[in-house]
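Enquirer: As input, take protein36.cif (mmCIF, N, CA and C atoms):
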data_model
loop_
_atom_site.label_atom_id
_atom_site.label_comp_id
_atom_site.auth_asym_id
_atom_site.auth_seq_id
_atom_site.Cartn_x
_atom_site.Cartn_y
_atom_site.Cartn_z
N MET A 145 -4.38 -8.91 -6.86
CA MET A 145 -3.16 -8.82 -6.08
C MET A 145 -3.05 -7.41 -5.55
N ASN A 146 -2.98 -7.27 -4.26
CA ASN A 146 -2.89 -5.96 -3.65
C ASN A 146 -1.67 -5.95 -2.75
N ASP A 147 -0.54 -5.44 -3.27
CA ASP A 147 0.69 -5.41 -2.51
C ASP A 147 0.75 -4.23 -1.56
N ARG A 148 -0.14 -3.31 -1.74
CA ARG A 148 -0.08 -2.08 -0.98
C ARG A 148 -0.81 -2.24 0.34
N PRO A 149 -0.18 -1.86 1.46
CA PRO A 149 -0.87 -2.01 2.73
C PRO A 149 -1.96 -0.98 2.88
N ALA A 150 -3.14 -1.37 3.23
CA ALA A 150 -4.34 -0.58 3.45
C ALA A 150 -4.28 0.86 3.00
N GLY A 151 -3.20 1.34 2.43
CA GLY A 151 -2.95 2.73 2.21
C GLY A 151 -3.86 3.47 1.28
N ALA A 152 -4.44 2.91 0.29
CA ALA A 152 -5.17 3.68 -0.71
C ALA A 152 -6.54 4.06 -0.19
N GLY A 153 -6.58 4.90 0.79
CA GLY A 153 -7.83 5.45 1.27
C GLY A 153 -8.62 4.51 2.14
N GLY A 154 -8.00 3.75 2.98
CA GLY A 154 -8.74 2.84 3.83
C GLY A 154 -8.41 3.06 5.28
N ILE A 155 -8.85 2.16 6.08
CA ILE A 155 -8.56 2.20 7.50
C ILE A 155 -7.54 1.12 7.77
N GLY A 156 -6.47 1.47 8.42
CA GLY A 156 -5.42 0.52 8.70
C GLY A 156 -5.70 -0.23 9.98
N ARG A 157 -4.78 -1.04 10.38
CA ARG A 157 -4.93 -1.79 11.61
C ARG A 157 -4.71 -0.87 12.79
N ALA A 158 -5.14 -1.32 13.91
CA ALA A 158 -5.01 -0.50 15.12
C ALA A 158 -3.55 -0.40 15.50
N GLY A 159 -3.21 0.71 16.09
CA GLY A 159 -1.86 0.92 16.56
C GLY A 159 -1.62 0.16 17.84
N VAL A 160 -0.47 0.35 18.43
CA VAL A 160 -0.10 -0.36 19.64
C VAL A 160 -1.04 0.03 20.78
N SER A 161 -1.53 1.27 20.78
CA SER A 161 -2.40 1.73 21.85
C SER A 161 -3.81 1.16 21.75
N GLY A 162 -4.16 0.49 20.66
CA GLY A 162 -5.47 -0.08 20.50
C GLY A 162 -6.45 0.83 19.78
N ARG A 163 -6.05 2.05 19.50
CA ARG A 163 -6.91 2.97 18.77
C ARG A 163 -6.82 2.67 17.28
N PRO A 164 -7.90 2.89 16.55
CA PRO A 164 -7.83 2.67 15.09
C PRO A 164 -6.93 3.71 14.46
N VAL A 165 -6.19 3.30 13.46
CA VAL A 165 -5.26 4.19 12.77
C VAL A 165 -5.75 4.36 11.35
N ARG A 166 -5.97 5.60 10.92
CA ARG A 166 -6.41 5.87 9.56
C ARG A 166 -5.17 6.01 8.69
N THR A 167 -5.14 5.29 7.58
CA THR A 167 -4.03 5.38 6.65
C THR A 167 -4.54 5.90 5.33
N GLY A 168 -3.73 6.65 4.63
CA GLY A 168 -4.12 7.19 3.34
C GLY A 168 -4.95 8.45 3.50
N ALA A 169 -5.17 9.15 2.40
CA ALA A 169 -5.87 10.42 2.44
C ALA A 169 -7.34 10.30 2.11
N GLY A 170 -7.74 9.27 1.39
CA GLY A 170 -9.12 9.17 0.93
C GLY A 170 -10.04 8.63 2.00
N ILE A 171 -11.30 9.00 1.91
CA ILE A 171 -12.32 8.49 2.82
C ILE A 171 -13.40 7.87 1.95
N THR A 172 -13.73 6.63 2.23
CA THR A 172 -14.75 5.96 1.46
C THR A 172 -16.10 6.11 2.15
N ALA A 173 -17.16 5.83 1.42
CA ALA A 173 -18.50 6.01 1.96
C ALA A 173 -18.77 5.03 3.09
N SER A 174 -18.28 3.83 3.01
CA SER A 174 -18.53 2.85 4.07
C SER A 174 -17.22 2.49 4.74
N THR A 175 -16.79 3.36 5.64
CA THR A 175 -15.55 3.10 6.35
C THR A 175 -15.86 2.28 7.59
N ALA A 176 -15.06 1.30 7.82
CA ALA A 176 -15.21 0.44 8.98
C ALA A 176 -13.89 0.40 9.72
N VAL A 177 -13.96 0.42 11.01
CA VAL A 177 -12.76 0.38 11.83
C VAL A 177 -12.45 -1.07 12.14
N ARG A 178 -11.22 -1.46 11.89
CA ARG A 178 -10.77 -2.81 12.21
C ARG A 178 -9.73 -2.71 13.32
N TYR A 179 -9.82 -3.59 14.29
CA TYR A 179 -8.88 -3.61 15.39
C TYR A 179 -8.02 -4.86 15.30
N ALA A 180 -6.75 -4.70 15.56
CA ALA A 180 -5.85 -5.85 15.54
C ALA A 180 -5.98 -6.60 16.86
N LEU A 181 -5.97 -7.91 16.77
CA LEU A 181 -6.02 -8.71 17.98
C LEU A 181 -4.67 -8.74 18.68
N VAL A 182 -3.64 -8.71 17.90
CA VAL A 182 -2.28 -8.66 18.44
C VAL A 182 -1.55 -7.51 17.75
N PRO A 183 -0.59 -6.91 18.42
CA PRO A 183 0.16 -5.83 17.76
C PRO A 183 0.91 -6.37 16.54
N VAL A 184 0.86 -5.62 15.45
CA VAL A 184 1.54 -6.02 14.23
C VAL A 184 3.00 -5.56 14.33
N PRO A 185 3.94 -6.50 14.17
CA PRO A 185 5.34 -6.08 14.26
C PRO A 185 5.71 -5.18 13.10
N LYS A 186 6.50 -4.19 13.38
CA LYS A 186 6.94 -3.23 12.36
C LYS A 186 8.37 -3.56 11.95
N LEU A 187 8.71 -3.20 10.73
CA LEU A 187 10.05 -3.42 10.21
C LEU A 187 10.82 -2.10 10.21
N SER A 188 12.09 -2.17 10.52
CA SER A 188 12.93 -0.99 10.48
C SER A 188 13.33 -0.69 9.03
N LEU A 189 13.88 0.48 8.82
CA LEU A 189 14.33 0.85 7.49
C LEU A 189 15.42 -0.10 7.00
N ALA A 190 16.32 -0.49 7.89
CA ALA A 190 17.39 -1.42 7.49
C ALA A 190 16.82 -2.78 7.09
N ALA A 191 15.82 -3.26 7.83
CA ALA A 191 15.23 -4.55 7.50
C ALA A 191 14.50 -4.50 6.16
N VAL A 192 13.79 -3.41 5.90
CA VAL A 192 13.08 -3.28 4.63
C VAL A 192 14.08 -3.18 3.49
N ALA A 193 15.16 -2.42 3.69
CA ALA A 193 16.18 -2.30 2.66
C ALA A 193 16.82 -3.65 2.36
N LEU A 194 17.07 -4.43 3.40
CA LEU A 194 17.68 -5.74 3.21
C LEU A 194 16.73 -6.68 2.47
N ARG A 195 15.46 -6.69 2.86
CA ARG A 195 14.49 -7.60 2.24
C ARG A 195 14.15 -7.20 0.81
N SER A 196 14.15 -5.90 0.53
CA SER A 196 13.77 -5.46 -0.81
C SER A 196 14.96 -5.32 -1.75
N GLY A 197 16.17 -5.25 -1.20
CA GLY A 197 17.36 -5.09 -2.03
C GLY A 197 17.56 -3.67 -2.53
N LEU A 198 16.89 -2.71 -1.92
CA LEU A 198 17.00 -1.31 -2.32
C LEU A 198 17.82 -0.53 -1.29
N HIS A 199 18.41 0.56 -1.74
CA HIS A 199 19.18 1.42 -0.85
C HIS A 199 18.23 2.17 0.08
N PRO A 200 18.61 2.34 1.35
CA PRO A 200 17.73 3.05 2.29
C PRO A 200 17.36 4.47 1.84
N ASP A 201 18.27 5.16 1.16
CA ASP A 201 17.95 6.50 0.68
C ASP A 201 16.83 6.47 -0.37
N LEU A 202 16.83 5.45 -1.22
CA LEU A 202 15.77 5.32 -2.22
C LEU A 202 14.43 5.02 -1.53
N ILE A 203 14.47 4.21 -0.48
CA ILE A 203 13.25 3.92 0.26
C ILE A 203 12.73 5.18 0.93
N ARG A 204 13.63 5.99 1.50
CA ARG A 204 13.20 7.26 2.09
C ARG A 204 12.55 8.16 1.04
N ARG A 205 13.09 8.16 -0.17
CA ARG A 205 12.51 8.96 -1.24
C ARG A 205 11.11 8.44 -1.61
N PHE A 206 10.94 7.11 -1.64
CA PHE A 206 9.62 6.54 -1.91
C PHE A 206 8.62 6.94 -0.83
N VAL A 207 9.07 6.99 0.41
CA VAL A 207 8.19 7.43 1.50
C VAL A 207 7.80 8.89 1.29
N ALA A 208 8.76 9.72 0.92
CA ALA A 208 8.49 11.14 0.69
C ALA A 208 7.53 11.34 -0.47
N LEU A 209 7.60 10.48 -1.49
CA LEU A 209 6.71 10.57 -2.64
C LEU A 209 5.34 9.94 -2.38
N GLY A 210 5.21 9.22 -1.27
CA GLY A 210 3.95 8.59 -0.93
C GLY A 210 3.73 7.26 -1.61
N LEU A 211 4.78 6.64 -2.13
CA LEU A 211 4.64 5.35 -2.81
C LEU A 211 4.57 4.19 -1.82
N VAL A 212 5.13 4.37 -0.65
CA VAL A 212 5.08 3.35 0.39
C VAL A 212 4.77 4.06 1.71
N ASP A 213 3.92 3.42 2.52
CA ASP A 213 3.52 4.01 3.79
C ASP A 213 4.52 3.66 4.87
N ALA A 214 4.81 4.65 5.72
CA ALA A 214 5.71 4.44 6.85
C ALA A 214 5.25 5.33 7.99
N GLU A 215 5.66 4.96 9.16
CA GLU A 215 5.37 5.74 10.37
C GLU A 215 6.69 6.04 11.05
N ARG A 216 6.64 6.90 12.02
CA ARG A 216 7.82 7.20 12.84
C ARG A 216 7.63 6.58 14.21
N ASP A 217 8.70 5.97 14.73
CA ASP A 217 8.62 5.44 16.08
C ASP A 217 8.92 6.55 17.08
N SER A 218 9.02 6.20 18.34
CA SER A 218 9.23 7.22 19.38
C SER A 218 10.59 7.90 19.25
N ALA A 219 11.55 7.25 18.61
CA ALA A 219 12.87 7.84 18.41
C ALA A 219 12.95 8.62 17.10
N GLY A 220 11.87 8.64 16.32
CA GLY A 220 11.86 9.39 15.07
C GLY A 220 12.33 8.60 13.86
N ARG A 221 12.59 7.31 14.03
CA ARG A 221 13.03 6.48 12.90
C ARG A 221 11.83 5.96 12.15
N LEU A 222 12.03 5.70 10.86
CA LEU A 222 10.97 5.14 10.02
C LEU A 222 10.74 3.68 10.37
N VAL A 223 9.47 3.30 10.49
CA VAL A 223 9.09 1.90 10.66
C VAL A 223 8.02 1.59 9.63
N PHE A 224 8.00 0.36 9.16
CA PHE A 224 7.16 -0.05 8.05
C PHE A 224 6.31 -1.25 8.43
N ASP A 225 5.19 -1.41 7.72
CA ASP A 225 4.39 -2.63 7.85
C ASP A 225 5.16 -3.79 7.23
N PRO A 226 4.84 -5.02 7.63
CA PRO A 226 5.53 -6.17 7.04
C PRO A 226 5.31 -6.31 5.54
N THR A 227 4.30 -5.65 4.98
CA THR A 227 4.03 -5.74 3.55
C THR A 227 4.85 -4.75 2.73
N ALA A 228 5.64 -3.91 3.36
CA ALA A 228 6.41 -2.88 2.65
C ALA A 228 7.35 -3.45 1.59
N PRO A 229 8.09 -4.54 1.85
CA PRO A 229 8.94 -5.06 0.77
C PRO A 229 8.16 -5.48 -0.48
N ALA A 230 6.95 -6.01 -0.30
CA ALA A 230 6.13 -6.37 -1.46
C ALA A 230 5.68 -5.12 -2.22
N VAL A 231 5.36 -4.06 -1.50
CA VAL A 231 4.98 -2.80 -2.14
C VAL A 231 6.15 -2.25 -2.92
N LEU A 232 7.33 -2.29 -2.34
CA LEU A 232 8.53 -1.79 -3.03
C LEU A 232 8.83 -2.63 -4.27
N ALA A 233 8.62 -3.93 -4.19
CA ALA A 233 8.83 -4.78 -5.37
C ALA A 233 7.84 -4.42 -6.47
N ARG A 234 6.62 -4.11 -6.09
CA ARG A 234 5.61 -3.71 -7.07
C ARG A 234 6.00 -2.39 -7.74
N VAL A 235 6.50 -1.45 -6.95
CA VAL A 235 6.96 -0.17 -7.50
C VAL A 235 8.10 -0.40 -8.49
N GLN A 236 9.03 -1.24 -8.12
CA GLN A 236 10.16 -1.53 -9.01
C GLN A 236 9.71 -2.22 -10.29
N ARG A 237 8.73 -3.14 -10.19
CA ARG A 237 8.21 -3.80 -11.39
C ARG A 237 7.55 -2.80 -12.33
N LEU A 238 6.79 -1.87 -11.77
CA LEU A 238 6.15 -0.85 -12.61
C LEU A 238 7.20 0.06 -13.24
N ARG A 239 8.24 0.37 -12.49
CA ARG A 239 9.28 1.26 -13.00
C ARG A 239 10.04 0.61 -14.15
N THR A 240 10.43 -0.63 -14.00
CA THR A 240 11.22 -1.29 -15.04
C THR A 240 10.36 -1.83 -16.17
N GLY A 241 9.18 -2.37 -15.83
CA GLY A 241 8.34 -2.99 -16.85
C GLY A 241 7.62 -2.00 -17.75
N LEU A 242 7.18 -0.88 -17.19
CA LEU A 242 6.43 0.09 -17.97
C LEU A 242 7.18 1.40 -18.22
N CYS A 243 8.38 1.50 -17.69
CA CYS A 243 9.20 2.72 -17.84
C CYS A 243 8.44 3.96 -17.39
N LEU A 244 7.79 3.88 -16.23
CA LEU A 244 7.04 5.01 -15.69
C LEU A 244 7.91 5.80 -14.72
N ASN A 245 7.64 7.10 -14.63
CA ASN A 245 8.31 7.87 -13.59
C ASN A 245 7.57 7.65 -12.28
N TYR A 246 8.14 8.12 -11.17
CA TYR A 246 7.58 7.80 -9.87
C TYR A 246 6.25 8.48 -9.61
N ALA A 247 6.01 9.65 -10.18
CA ALA A 247 4.71 10.30 -10.04
C ALA A 247 3.63 9.46 -10.73
N SER A 248 3.94 8.93 -11.90
CA SER A 248 3.00 8.07 -12.62
C SER A 248 2.77 6.77 -11.88
N ILE A 249 3.79 6.25 -11.24
CA ILE A 249 3.64 5.00 -10.49
C ILE A 249 2.66 5.19 -9.35
N GLY A 250 2.70 6.34 -8.68
CA GLY A 250 1.75 6.62 -7.62
C GLY A 250 0.32 6.59 -8.13
N LEU A 251 0.10 7.18 -9.29
CA LEU A 251 -1.23 7.18 -9.90
C LEU A 251 -1.66 5.77 -10.28
N VAL A 252 -0.76 5.00 -10.87
CA VAL A 252 -1.08 3.62 -11.28
C VAL A 252 -1.40 2.78 -10.05
N LEU A 253 -0.64 2.93 -8.96
CA LEU A 253 -0.92 2.17 -7.74
C LEU A 253 -2.29 2.51 -7.18
N ASP A 254 -2.65 3.79 -7.18
CA ASP A 254 -3.97 4.18 -6.70
C ASP A 254 -5.07 3.58 -7.57
N LEU A 255 -4.88 3.61 -8.87
CA LEU A 255 -5.89 3.04 -9.77
C LEU A 255 -6.01 1.52 -9.59
N LEU A 256 -4.89 0.84 -9.45
CA LEU A 256 -4.93 -0.61 -9.23
C LEU A 256 -5.62 -0.95 -7.92
N ASP A 257 -5.39 -0.15 -6.88
CA ASP A 257 -6.06 -0.39 -5.60
C ASP A 257 -7.56 -0.16 -5.71
N ARG A 258 -7.97 0.86 -6.45
CA ARG A 258 -9.40 1.11 -6.64
C ARG A 258 -10.06 -0.01 -7.43
N ILE A 259 -9.37 -0.51 -8.44
CA ILE A 259 -9.90 -1.63 -9.22
C ILE A 259 -10.07 -2.86 -8.32
N SER A 260 -9.09 -3.12 -7.47
CA SER A 260 -9.19 -4.26 -6.56
C SER A 260 -10.37 -4.12 -5.61
N MET A 261 -10.58 -2.90 -5.10
CA MET A 261 -11.71 -2.67 -4.20
C MET A 261 -13.04 -2.86 -4.92
N LEU A 262 -13.15 -2.38 -6.16
CA LEU A 262 -14.38 -2.53 -6.93
C LEU A 262 -14.65 -4.00 -7.27
N GLU A 263 -13.60 -4.73 -7.63
CA GLU A 263 -13.77 -6.15 -7.92
C GLU A 263 -14.20 -6.92 -6.68
N ALA A 264 -13.63 -6.57 -5.53
CA ALA A 264 -14.02 -7.22 -4.28
C ALA A 264 -15.47 -6.91 -3.94
N ALA A 265 -15.90 -5.67 -4.18
CA ALA A 265 -17.30 -5.31 -3.92
C ALA A 265 -18.24 -6.08 -4.83
N LEU A 266 -17.86 -6.26 -6.09
CA LEU A 266 -18.68 -7.05 -7.00
C LEU A 266 -18.77 -8.51 -6.56
N ARG A 267 -17.65 -9.05 -6.10
CA ARG A 267 -17.66 -10.43 -5.63
C ARG A 267 -18.55 -10.59 -4.40
N ARG A 268 -18.49 -9.61 -3.48
CA ARG A 268 -19.32 -9.68 -2.28
C ARG A 268 -20.80 -9.56 -2.64
N ALA A 269 -21.11 -8.70 -3.59
CA ALA A 269 -22.51 -8.51 -3.98
C ALA A 269 -23.04 -9.70 -4.76
N GLY A 270 -22.15 -10.44 -5.40
CA GLY A 270 -22.57 -11.61 -6.15
C GLY A 270 -23.28 -11.27 -7.44
N THR A 271 -23.12 -10.08 -7.92
CA THR A 271 -23.79 -9.68 -9.17
C THR A 271 -22.81 -9.76 -10.31
N ARG A 272 -23.36 -10.07 -11.45
CA ARG A 272 -22.56 -10.09 -12.67
C ARG A 272 -23.28 -9.25 -13.69
N SER A 273 -22.54 -8.61 -14.51
CA SER A 273 -23.12 -7.79 -15.57
C SER A 273 -23.59 -8.70 -16.69
N GLU A 274 -24.70 -8.34 -17.33
CA GLU A 274 -25.23 -9.12 -18.44
C GLU A 274 -24.41 -8.91 -19.71
N THR A 275 -23.70 -7.80 -19.79
CA THR A 275 -22.88 -7.52 -20.96
C THR A 275 -21.54 -8.21 -20.80
N PRO A 276 -20.98 -8.69 -21.90
CA PRO A 276 -19.66 -9.34 -21.80
C PRO A 276 -18.60 -8.29 -21.46
N PRO A 277 -17.50 -8.72 -20.85
CA PRO A 277 -16.45 -7.77 -20.50
C PRO A 277 -15.86 -7.14 -21.78
N TRP A 278 -15.35 -5.96 -21.63
CA TRP A 278 -14.84 -5.21 -22.80
C TRP A 278 -13.50 -5.75 -23.26
N THR A 279 -12.84 -6.59 -22.47
CA THR A 279 -11.53 -7.08 -22.88
C THR A 279 -11.64 -8.35 -23.68
#
If you convert what's in this file into structure tokens, what do you get?

Expert:
Amino acid sequence: MNDRPAGAGGIGRAGVSGRPVRTGAGITASTAVRYALVPVPKLSLAAVALRSGLHPDLIRRFVALGLVDAERDSAGRLVFDPTAPAVLARVQRLRTGLCLNYASIGLVLDLLDRISMLEAALRRAGTRSETPPWT
């Protein structure tokens, strides 16, 4: 389950201009540019707050902490990917379920995204380890 939009060091969808948009700070060894066939509609801060049930100021704080990705439109307002409410729900689940602070949640989200990428790479390669899993 990956609730986080392309953010953990990947390449995001193309912007409205058709150019590829890089999201996140990390660069992977095999980066590929993906182009959107149609422009992806963005959500306003009010729409994300309504869908997630969180106060807009808390969402702004999450953006400042890097827990959820957002962009600025031409008027300077925050706009979000359609997956932002799911990312915010994941942050809230980690906060309440594990009693983590927000800095720790950022680290956990990055680790979960890396695990998802590694599992996907293993599935694509079709290889299985001969040793049983450690769990």

Enquirer: For each of A:Leu211, A:Ala193, A:Leu187, A:Leu255, take the minimum atom-to-atom distance to Val223 of chain A, counting only N, CA and C atoms, then give the residue where this is smallest.

Expert: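 Using only N, CA and C atoms, the shortest distance to Val223 of chain A belongs to A:Leu187.
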
Enquirer: Given all atoms listed in the file, how would the per-residue table for segment 218-266 of chain A near segment 196-203 of chain A read, listing every residue at most 8 Å away with its closest atom pair and distance in Å to one decimal, sorted by chain and number, as JSON lines?

Expert:
{"residue": "A:Ala228", "atom": "C", "partner": "A:Ser196", "partner_atom": "CA", "distance": 7.1}
{"residue": "A:Pro229", "atom": "CA", "partner": "A:Ser196", "partner_atom": "CA", "distance": 5.1}
{"residue": "A:Ala230", "atom": "N", "partner": "A:Ser196", "partner_atom": "CA", "distance": 6.9}
{"residue": "A:Leu232", "atom": "C", "partner": "A:Ser196", "partner_atom": "CA", "distance": 6.7}
{"residue": "A:Ala233", "atom": "N", "partner": "A:Ser196", "partner_atom": "CA", "distance": 6.3}

Enquirer: List every residue of segment 182-271 of chain A that DSSP, applied to the backbone of this structure, places in helix (DSSP H, G or I), and write the result as number ranges by chain.

Expert: A: 189-196, 200-209, 228-242, 246-269

Enquirer: Set up a box along x, y and z of the file covering all listed atoms of segment 220-229 of chain A, add 4 Å on every one of the six sides, and write the centre and edge lengths in Å to one decimal, as JSON.

Expert:
{"center_x": 8.5, "center_y": 1.5, "center_z": 7.9, "size_x": 17.0, "size_y": 23.7, "size_z": 24.8}

Enquirer: Provide the atom C of Ser188 of chain A to atom C of Arg205 of chain A distance in Å, to one decimal place.

Expert: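 Computed distance, atom C of Ser188 of chain A to atom C of Arg205 of chain A, equals 14.2 Å.
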
Enquirer: For Ala191 of chain A, which residue among A:Asp254, A:Leu262, A:Gly241, A:Leu222 is the nearest when counting only C-alpha atoms?

Expert: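 Of A:Asp254, A:Leu262, A:Gly241, A:Leu222, the one nearest Ala191 of chain A is A:Leu222, counting only C-alpha atoms.
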
Enquirer: So that I can check the surroundings of Arg221 of chain A, please list as a VMD selection string every protein, DNA and RNA residue that reaches within 10 Å of it, counting only C-alpha atoms and ignoring chain neighbours fewer than 5 positions away.

Expert: chain A and resid 188 to 189 214 to 216

Enquirer: Write out as a VMD selection string the set of residues from segment 179-259 of chain A that DSSP, computed on the backbone, places in strand (DSSP E or B).

Expert: chain A and resid 187 to 188 215 to 216 222 to 224

Enquirer: Tell me, in Å to one decimal, how far atom N of Val182 of chain A is from atom C of Gly220 of chain A.

Expert: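 Atom C of Gly220 of chain A lies at a distance of 23.9 Å from atom N of Val182 of chain A.
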
Enquirer: In Å, rounded to a single decimal, give me how far atom CA of Ser248 of chain A is from atom CA of Asp213 of chain A.

Expert: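 Between atom CA of Asp213 of chain A and atom CA of Ser248 of chain A the gap works out to 16.9 Å.
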
Enquirer: Select, from A:Thr227, A:Gly210, A:Leu181, A:Ala219, the residue with the minimum atom-to-atom distance to Arg195 of chain A, counting only C-alpha atoms.

Expert: A:Thr227

Enquirer: Taking into account only C-alpha atoms, which residue in the set A:Val192, A:Glu263, A:Val177, A:Ala269 is nearest to Pro226 of chain A?

Expert: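 When distances to Pro226 of chain A are compared using only C-alpha atoms, the smallest one comes from A:Val192.
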